[in-house]
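Engineer: What follows is a single structure, and I will ask about it in a moment.
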Amino acid sequence: MAHTRQSSRAMDVDGAGSYGSAPRAGAWSRDRLDCPQHEDHPPFFTPSYLRQSRHVQRLHRAYDEHVADLQEQARMSPPEPPPLSTRSSYNSLHKMHASHIHHHRPAVQDVIERLPPPTEEDRSHPLPSRWSEEDRMSGLEILADGTEVRFGGVTKTSDEAASIRADHPMPKECGLYYFEVTILSRGKDGMIGIGFSSRKANLNRLPGWETDSWAYHGDDGYSFACTASGKAYGPRYSSQDTIGCGVNFRTGNAFFTKNGVYLGVAFTAVRSHGLYPSIGIKKPGEHLRINFGRTPFVFDIDRMMEQERKIVMTTINKADVSVLHPPDDENALIHKLIGQYLAHEGYVETAKAFSRDVHDQQQSLSSQPESFHLPDSDDDIHAINRQKIRKSILDGDIDRALKYTSSYYPHVLEEERNKDIYFKLRCRKFIEMMRRYTELATATSSPVAMTKSVDSLRSNGHADGAPLATDVGDGDDGADTQMELDDQLHREAPRGQEPPPTDDIDMDASQELPPKASFMKQGDLLGATLSYGQELQHEFGSDPRQQIKKQLTELFAIIAYPNPADSPIGGLLDQSGRVQIAEEVNGAILVSLGKPSSAALEKLCAQTEALLDETAGKTGGAAAFINVRTDFLQA
Amino acid sequence: MRGTHPFDRKVEEMKPSKSEINWVIMDYLVSEGYPGAAEKFAQETNLPSPVDNESIRERVQIRNAINRGRIEEAIEMINEIDYEILDKNHHLHFHLLQLQLIEIIRTILAKPGGNPVANDFHPAIKFATEQLAPRAPTDPKYLQALERTMALMIFPADKMTKEFKQLLDVKLRQQVAADVNCAILESKGERSEARIRQLVKARAWAEQEARAAKVDLPVLTSLALGPDESMDGDAMVS
């Protein structure tokens, strides 16, 4: 045995790269991620028909976070080199052996290994991904990373067989679950059962015959539901056939497919939890391959999923909206939701235009037209203030945003809970400086001389440090770098159009602007950016939090790239980052004003998703087919 | 203060992003025809402006014509956009003509002096025989609708039952205007219903499903929409 294992280890190492990790009691991290929960982390896969599933999307996020955490840990404390002595790593090898290569072990050992599997079900309800190493009958070999199973043993009596279950039950949160099994080889007079069962079902007979098991058998085409007497259901199946099995948790029906053809409902009132995909075989050499959705299915399950979704959507379209906010009907409710959102977020101009549009529409119905009056509101001033701050950020003028914020809402950015927002704003300024530097660099390479202004780039704190303004035409290195910086070209919102302050805050102090005619060359801009970077480092560099350090490092790395926009971290420069920060600042101000950070419409979305999620977790019914984000918040 | 129910925490986790909400709003403004608001919204959010503001205004004009009861005008404008819209939607075409007949009758009923005499209804009868009667035999529903509409001429206003009053309610104009809007959008290969409509329906449906499944729910806080409603109100106990 030891010899076999050693050689097989060598084979594995050759085949799949190196396995290096400090062996810990019972844990062997095959992918170098020293994880107490999992042996290895094969890439997450989403079956095509579950792409929109809220449950699967959550599993995917959790997987990504888990792996990222482990990678971060591994980065912080590099693992010890792998042990050289075979002896000391015997345990790990044994485990690896069990999961990775064929089993040629006496039945006795199998019996020991089939001790009760871990009773605590994974509460995240993961998707089945492979055959279980533990939950299988002796004589079954697992091949090809858990996707194939072959019978190598002997059965003594005529109704004895060898069955196996998948590593996880089919999660009802998916609404519909489907998998396919391809018969690679069927023995002479072989018997194959494909279906599902709970852990109560014995594994020494075919699924379908045992209590708590349901299956479609290949030798007679019968379906069996927890009993040895079956019903005529579909055609027989044999080598090279692909059999699909699906459970619809909304209807409680189970069905099968053969080579992509739907065979009809096989079972009704199937219960919704603790059911594992399962197969059983009984002749030596019988060999099956399972597809849990890692590769495309033969049957068009995507279409069935889409039909299911449409059925549920039809039901939704009949729902009575008037109960939500009586006495409003659907139209009135939608108008209120939109109006409240616009006011809440400080989209002042849109809010006005919207109420005018709604008013006009109402007027067209009425015989006595009334003129349009905007309702007065105490919130107007705050809405306008917030609008200005947002506009500044969206324009990329972070200094202006900071000035407005500190004069209208002096303490908001000082609050402990808003420290991160402040940090992000300061970082954003660095990004905006780099953006402009990139623009200049691009402009330099073009023959047309462009002029741009950078007056808004000057940071408040370091004007004394870097000489920002230089004389125009101070000819040094050729026409190409003689870049004048013109106001118009890059200021989306010229200051001249700024509305006058509407409240009693003294804007004289806060609106003290850098010199209007400050011109800067590309090199100077880089200098200014660098010294602003130093300022950032000085202010935040000593922060003990890892993510702050990480963000700063990432930020400064931009400078290293000749063309930052095309660099691996070019996404940082994207304009969309402004929207994110503008929203966070707006939210912080709202909270400081004692208002909820989200509007009724946002709450309505979140409530809907949470209601669907809770219901799907409980029943796996219709709610599982609807995903607020992909069904209602996108085209 | 009561403790935070696990469900409320879940709601917190499931908040959509503002850009998702902004998308929903823009989708509504464009598809239901609020051109002024759509333009401002694009400016204030840095979203791209609606691609075809002209076609929004076109739809708004048709909607306003229907809302004002100028059905003939609306039908002409629809045909200007695409003749096939009404050619392919027989039901919609019939509804428009029925509404036109109702508007003719409404004008007659509203004549000063009241109690119109039989002769006054002549234009309505002429329109009905020329436009509606030939279509009525094609569908029993048309026949019934035509009969009801014609009956408006014989019932005195104070003896009308609810179903007849509905024909004279301006809400019917709104309904037909909305159907026309959908048909125009569909003819251009666009989604006919704004997503926010499905969203509010889904909210109502989801609560109903959750209650049926006996999900452990806290008192769902109300949709705080008016100035007098607090976000922490408990208006939605069911």
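The chains in the structure tokens are called A, B, ... from first to last as shown; in each chain the residues are counted from 1, and the ligands are counted from 1 in the order shown.
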Write out as a list in words which residues come within 7 Å of range 68-81 of chain B when counting only C-alpha atoms, dropping same-chain ones fewer than 4 positions away.
Structural biologist: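 Near neighbours after the sequence-gap exclusion: Ser364 and Leu365 of chain A; Ile62, Asn64, Leu96, Gln100 and Glu103 of chain B.
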Engineer: Export, as a CSV table (one decimal), in the first residue's frame, the selected residues with C-alpha atoms.
Structural biologist:
chain,number,residue,atom,x,y,z
A,364,SER,CA,-54.5,67.0,-19.4
A,365,LEU,CA,-57.2,64.8,-17.8
B,62,ILE,CA,-50.2,61.0,-27.9
B,64,ASN,CA,-51.9,63.9,-23.6
B,96,LEU,CA,-59.5,53.6,-29.2
B,100,GLN,CA,-63.8,58.0,-29.4
B,103,GLU,CA,-66.1,61.0,-26.1
Engineer: Which residues of chain A are close to chain B, meaning at most 7 Å apart when you count only C-alpha atoms, and how do they look as a PDB file with N, CA, C and O atoms, in the first residue's frame?
Structural biologist:
ATOM      1  N   ILE A 316     -46.823  37.250 -10.289  1.00  0.00           N
ATOM      2  CA  ILE A 316     -46.455  38.539  -9.686  1.00  0.00           C
ATOM      3  C   ILE A 316     -47.250  39.667 -10.335  1.00  0.00           C
ATOM      4  O   ILE A 316     -47.714  40.591  -9.663  1.00  0.00           O
ATOM      5  N   ASN A 317     -47.405  39.585 -11.652  1.00  0.00           N
ATOM      6  CA  ASN A 317     -48.095  40.663 -12.352  1.00  0.00           C
ATOM      7  C   ASN A 317     -49.558  40.797 -11.932  1.00  0.00           C
ATOM      8  O   ASN A 317     -50.183  41.811 -12.205  1.00  0.00           O
ATOM      9  N   ALA A 319     -50.405  40.600  -8.774  1.00  0.00           N
ATOM     10  CA  ALA A 319     -50.426  40.984  -7.358  1.00  0.00           C
ATOM     11  C   ALA A 319     -51.134  42.324  -7.169  1.00  0.00           C
ATOM     12  O   ALA A 319     -51.104  43.192  -8.033  1.00  0.00           O
ATOM     13  N   ASP A 320     -51.749  42.455  -6.010  1.00  0.00           N
ATOM     14  CA  ASP A 320     -52.507  43.659  -5.693  1.00  0.00           C
ATOM     15  C   ASP A 320     -51.609  44.650  -4.957  1.00  0.00           C
ATOM     16  O   ASP A 320     -51.223  44.437  -3.812  1.00  0.00           O
ATOM     17  N   VAL A 321     -51.276  45.732  -5.643  1.00  0.00           N
ATOM     18  CA  VAL A 321     -50.343  46.708  -5.088  1.00  0.00           C
ATOM     19  C   VAL A 321     -51.029  47.635  -4.085  1.00  0.00           C
ATOM     20  O   VAL A 321     -50.367  48.232  -3.237  1.00  0.00           O
ATOM     21  N   LEU A 324     -50.142  48.008  -0.330  1.00  0.00           N
ATOM     22  CA  LEU A 324     -48.842  48.467   0.160  1.00  0.00           C
ATOM     23  C   LEU A 324     -48.926  49.814   0.867  1.00  0.00           C
ATOM     24  O   LEU A 324     -48.268  50.032   1.878  1.00  0.00           O
ATOM     25  N   LYS A 336     -45.169  58.578  -5.919  1.00  0.00           N
ATOM     26  CA  LYS A 336     -44.670  58.979  -4.601  1.00  0.00           C
ATOM     27  C   LYS A 336     -43.283  58.406  -4.335  1.00  0.00           C
ATOM     28  O   LYS A 336     -42.414  59.082  -3.793  1.00  0.00           O
ATOM     29  N   LEU A 337     -43.097  57.148  -4.703  1.00  0.00           N
ATOM     30  CA  LEU A 337     -41.790  56.520  -4.472  1.00  0.00           C
ATOM     31  C   LEU A 337     -40.699  57.285  -5.214  1.00  0.00           C
ATOM     32  O   LEU A 337     -39.622  57.543  -4.673  1.00  0.00           O
ATOM     33  N   ILE A 338     -40.981  57.637  -6.456  1.00  0.00           N
ATOM     34  CA  ILE A 338     -39.962  58.320  -7.249  1.00  0.00           C
ATOM     35  C   ILE A 338     -39.740  59.729  -6.712  1.00  0.00           C
ATOM     36  O   ILE A 338     -38.601  60.166  -6.516  1.00  0.00           O
ATOM     37  N   GLN A 340     -40.212  60.848  -3.708  1.00  0.00           N
ATOM     38  CA  GLN A 340     -39.526  60.809  -2.419  1.00  0.00           C
ATOM     39  C   GLN A 340     -38.050  60.483  -2.602  1.00  0.00           C
ATOM     40  O   GLN A 340     -37.189  61.046  -1.942  1.00  0.00           O
ATOM     41  N   TYR A 347     -31.759  65.231  -5.723  1.00  0.00           N
ATOM     42  CA  TYR A 347     -31.794  65.517  -7.160  1.00  0.00           C
ATOM     43  C   TYR A 347     -32.835  66.612  -7.370  1.00  0.00           C
ATOM     44  O   TYR A 347     -33.956  66.364  -7.829  1.00  0.00           O
ATOM     45  N   GLU A 349     -33.260  69.357  -9.271  1.00  0.00           N
ATOM     46  CA  GLU A 349     -33.799  69.752 -10.577  1.00  0.00           C
ATOM     47  C   GLU A 349     -34.722  68.665 -11.129  1.00  0.00           C
ATOM     48  O   GLU A 349     -35.777  68.948 -11.683  1.00  0.00           O
ATOM     49  N   THR A 350     -34.309  67.413 -10.983  1.00  0.00           N
ATOM     50  CA  THR A 350     -35.147  66.324 -11.472  1.00  0.00           C
ATOM     51  C   THR A 350     -36.467  66.294 -10.717  1.00  0.00           C
ATOM     52  O   THR A 350     -37.531  66.104 -11.319  1.00  0.00           O
ATOM     53  N   ALA A 353     -38.681  68.930 -12.133  1.00  0.00           N
ATOM     54  CA  ALA A 353     -39.151  68.579 -13.476  1.00  0.00           C
ATOM     55  C   ALA A 353     -40.156  67.436 -13.409  1.00  0.00           C
ATOM     56  O   ALA A 353     -41.142  67.433 -14.143  1.00  0.00           O
ATOM     57  N   PHE A 354     -39.912  66.498 -12.506  1.00  0.00           N
ATOM     58  CA  PHE A 354     -40.814  65.354 -12.395  1.00  0.00           C
ATOM     59  C   PHE A 354     -42.179  65.800 -11.889  1.00  0.00           C
ATOM     60  O   PHE A 354     -43.209  65.420 -12.452  1.00  0.00           O
ATOM     61  N   ASP A 357     -43.917  67.447 -14.709  1.00  0.00           N
ATOM     62  CA  ASP A 357     -44.401  66.475 -15.699  1.00  0.00           C
ATOM     63  C   ASP A 357     -45.657  65.763 -15.201  1.00  0.00           C
ATOM     64  O   ASP A 357     -46.616  65.572 -15.952  1.00  0.00           O
ATOM     65  N   GLN A 361     -49.473  66.010 -16.706  1.00  0.00           N
ATOM     66  CA  GLN A 361     -50.223  64.819 -17.091  1.00  0.00           C
ATOM     67  C   GLN A 361     -51.601  64.829 -16.429  1.00  0.00           C
ATOM     68  O   GLN A 361     -52.604  64.518 -17.072  1.00  0.00           O
ATOM     69  N   SER A 364     -53.903  67.331 -18.117  1.00  0.00           N
ATOM     70  CA  SER A 364     -54.469  66.979 -19.416  1.00  0.00           C
ATOM     71  C   SER A 364     -55.772  66.202 -19.239  1.00  0.00           C
ATOM     72  O   SER A 364     -56.602  66.156 -20.130  1.00  0.00           O
ATOM     73  N   LEU A 365     -55.941  65.594 -18.050  1.00  0.00           N
ATOM     74  CA  LEU A 365     -57.174  64.845 -17.792  1.00  0.00           C
ATOM     75  C   LEU A 365     -58.297  65.739 -17.297  1.00  0.00           C
ATOM     76  O   LEU A 365     -59.462  65.391 -17.389  1.00  0.00           O
ATOM     77  N   ALA A 600     -37.398  55.385   0.522  1.00  0.00           N
ATOM     78  CA  ALA A 600     -38.409  54.332   0.579  1.00  0.00           C
ATOM     79  C   ALA A 600     -38.251  53.327  -0.556  1.00  0.00           C
ATOM     80  O   ALA A 600     -38.423  52.122  -0.367  1.00  0.00           O
ATOM     81  N   GLU A 602     -35.510  52.392  -2.066  1.00  0.00           N
ATOM     82  CA  GLU A 602     -34.405  51.474  -1.763  1.00  0.00           C
ATOM     83  C   GLU A 602     -34.837  50.433  -0.751  1.00  0.00           C
ATOM     84  O   GLU A 602     -34.517  49.246  -0.857  1.00  0.00           O
ATOM     85  N   LYS A 603     -35.577  50.917   0.250  1.00  0.00           N
ATOM     86  CA  LYS A 603     -36.043  50.009   1.278  1.00  0.00           C
ATOM     87  C   LYS A 603     -37.002  48.972   0.678  1.00  0.00           C
ATOM     88  O   LYS A 603     -36.961  47.801   1.054  1.00  0.00           O
ATOM     89  N   LEU A 604     -37.825  49.424  -0.235  1.00  0.00           N
ATOM     90  CA  LEU A 604     -38.768  48.508  -0.879  1.00  0.00           C
ATOM     91  C   LEU A 604     -38.023  47.392  -1.619  1.00  0.00           C
ATOM     92  O   LEU A 604     -38.390  46.219  -1.535  1.00  0.00           O
ATOM     93  N   CYS A 605     -36.958  47.761  -2.321  1.00  0.00           N
ATOM     94  CA  CYS A 605     -36.148  46.754  -3.018  1.00  0.00           C
ATOM     95  C   CYS A 605     -35.547  45.764  -2.020  1.00  0.00           C
ATOM     96  O   CYS A 605     -35.626  44.550  -2.214  1.00  0.00           O
ATOM     97  N   ALA A 606     -34.947  46.314  -0.981  1.00  0.00           N
ATOM     98  CA  ALA A 606     -34.259  45.459  -0.017  1.00  0.00           C
ATOM     99  C   ALA A 606     -35.255  44.544   0.692  1.00  0.00           C
ATOM    100  O   ALA A 606     -34.986  43.361   0.899  1.00  0.00           O
ATOM    101  N   GLN A 607     -36.414  45.093   1.040  1.00  0.00           N
ATOM    102  CA  GLN A 607     -37.434  44.263   1.693  1.00  0.00           C
ATOM    103  C   GLN A 607     -37.882  43.139   0.768  1.00  0.00           C
ATOM    104  O   GLN A 607     -38.039  41.991   1.196  1.00  0.00           O
ATOM    105  N   THR A 608     -38.081  43.472  -0.499  1.00  0.00           N
ATOM    106  CA  THR A 608     -38.531  42.456  -1.446  1.00  0.00           C
ATOM    107  C   THR A 608     -37.509  41.328  -1.533  1.00  0.00           C
ATOM    108  O   THR A 608     -37.858  40.145  -1.435  1.00  0.00           O
ATOM    109  N   GLU A 609     -36.245  41.704  -1.697  1.00  0.00           N
ATOM    110  CA  GLU A 609     -35.203  40.678  -1.821  1.00  0.00           C
ATOM    111  C   GLU A 609     -35.136  39.838  -0.550  1.00  0.00           C
ATOM    112  O   GLU A 609     -35.027  38.610  -0.602  1.00  0.00           O
ATOM    113  N   ALA A 610     -35.223  40.490   0.610  1.00  0.00           N
ATOM    114  CA  ALA A 610     -35.139  39.748   1.870  1.00  0.00           C
ATOM    115  C   ALA A 610     -36.350  38.832   2.049  1.00  0.00           C
ATOM    116  O   ALA A 610     -36.209  37.693   2.508  1.00  0.00           O
ATOM    117  N   LEU A 611     -37.526  39.312   1.671  1.00  0.00           N
ATOM    118  CA  LEU A 611     -38.727  38.478   1.769  1.00  0.00           C
ATOM    119  C   LEU A 611     -38.599  37.254   0.869  1.00  0.00           C
ATOM    120  O   LEU A 611     -38.900  36.126   1.271  1.00  0.00           O
ATOM    121  N   LEU A 612     -38.129  37.483  -0.360  1.00  0.00           N
ATOM    122  CA  LEU A 612     -37.957  36.377  -1.297  1.00  0.00           C
ATOM    123  C   LEU A 612     -36.934  35.386  -0.760  1.00  0.00           C
ATOM    124  O   LEU A 612     -37.118  34.168  -0.827  1.00  0.00           O
ATOM    125  N   GLU A 614     -35.935  34.812   2.376  1.00  0.00           N
ATOM    126  CA  GLU A 614     -36.438  34.056   3.525  1.00  0.00           C
ATOM    127  C   GLU A 614     -37.416  32.985   3.068  1.00  0.00           C
ATOM    128  O   GLU A 614     -37.374  31.847   3.541  1.00  0.00           O
ATOM    129  N   THR A 615     -38.305  33.347   2.163  1.00  0.00           N
ATOM    130  CA  THR A 615     -39.322  32.404   1.709  1.00  0.00           C
ATOM    131  C   THR A 615     -38.671  31.253   0.937  1.00  0.00           C
ATOM    132  O   THR A 615     -39.018  30.091   1.132  1.00  0.00           O
ATOM    133  N   THR A 619     -39.227  27.373   1.853  1.00  0.00           N
ATOM    134  CA  THR A 619     -40.025  26.460   1.042  1.00  0.00           C
ATOM    135  C   THR A 619     -39.367  26.080  -0.274  1.00  0.00           C
ATOM    136  O   THR A 619     -39.744  25.091  -0.889  1.00  0.00           O
ATOM    137  N   PHE A 632     -35.377  43.059 -11.831  1.00  0.00           N
ATOM    138  CA  PHE A 632     -36.054  44.361 -11.819  1.00  0.00           C
ATOM    139  C   PHE A 632     -35.110  45.554 -11.887  1.00  0.00           C
ATOM    140  O   PHE A 632     -35.532  46.656 -12.178  1.00  0.00           O
ATOM    141  N   LEU A 633     -33.846  45.361 -11.558  1.00  0.00           N
ATOM    142  CA  LEU A 633     -32.954  46.514 -11.499  1.00  0.00           C
ATOM    143  C   LEU A 633     -31.999  46.558 -12.685  1.00  0.00           C
ATOM    144  O   LEU A 633     -30.993  47.245 -12.654  1.00  0.00           O
TER     145      LEU A 633
END
Engineer: Name the closest residue to Phe430 in chain A among the candidates A:Leu333, A:Leu555, A:Ala343, A:Ile311; distances are taken between atoms, counting only C-alpha atoms.
Structural biologist: A:Leu555
Engineer: Do a neighbour search on Val270 in chain A at 9 Å with only C-alpha atoms, toss out local chain neighbours closer than 3 positions, and write the hits as a PyMOL selection string.
Structural biologist: chain A and resi 247-249+251-254+267
Engineer: With a distance cut-off of 8 Å and only C-alpha atoms, select the neighbouring residues of Lys172 in chain A, excluding the residue or stretch itself and same-chain residues fewer than 6 positions from it, and output the selection as a ChimeraX atom specification.
Structural biologist: /A:249,272-273,616-617,619-621
Engineer: Which is closest to Asp167 in chain A among A:Gln57, A:Ser138, A:Thr295, A:Thr147, if we use only C-alpha atoms?
Structural biologist: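 With only C-alpha atoms as the atom set, the closest residue is A:Thr147.
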Engineer: Pick out the closest residue to Leu97 in chain B from this set: B:Glu130, B:Asp158, B:Glu32, B:Glu54. Count only C-alpha atoms.
Structural biologist: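 Smallest separation from Leu97 in chain B among the options: B:Glu130.
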Engineer: Can you pull out the residues contacting range 416-427 of chain A? Cut-off 8 Å, using only C-alpha atoms, and skip same-chain residues under 5 positions away; I want them as a PyMOL selection string.
Structural biologist: chain A and resi 398+536+540+552+555+581+584-585+588
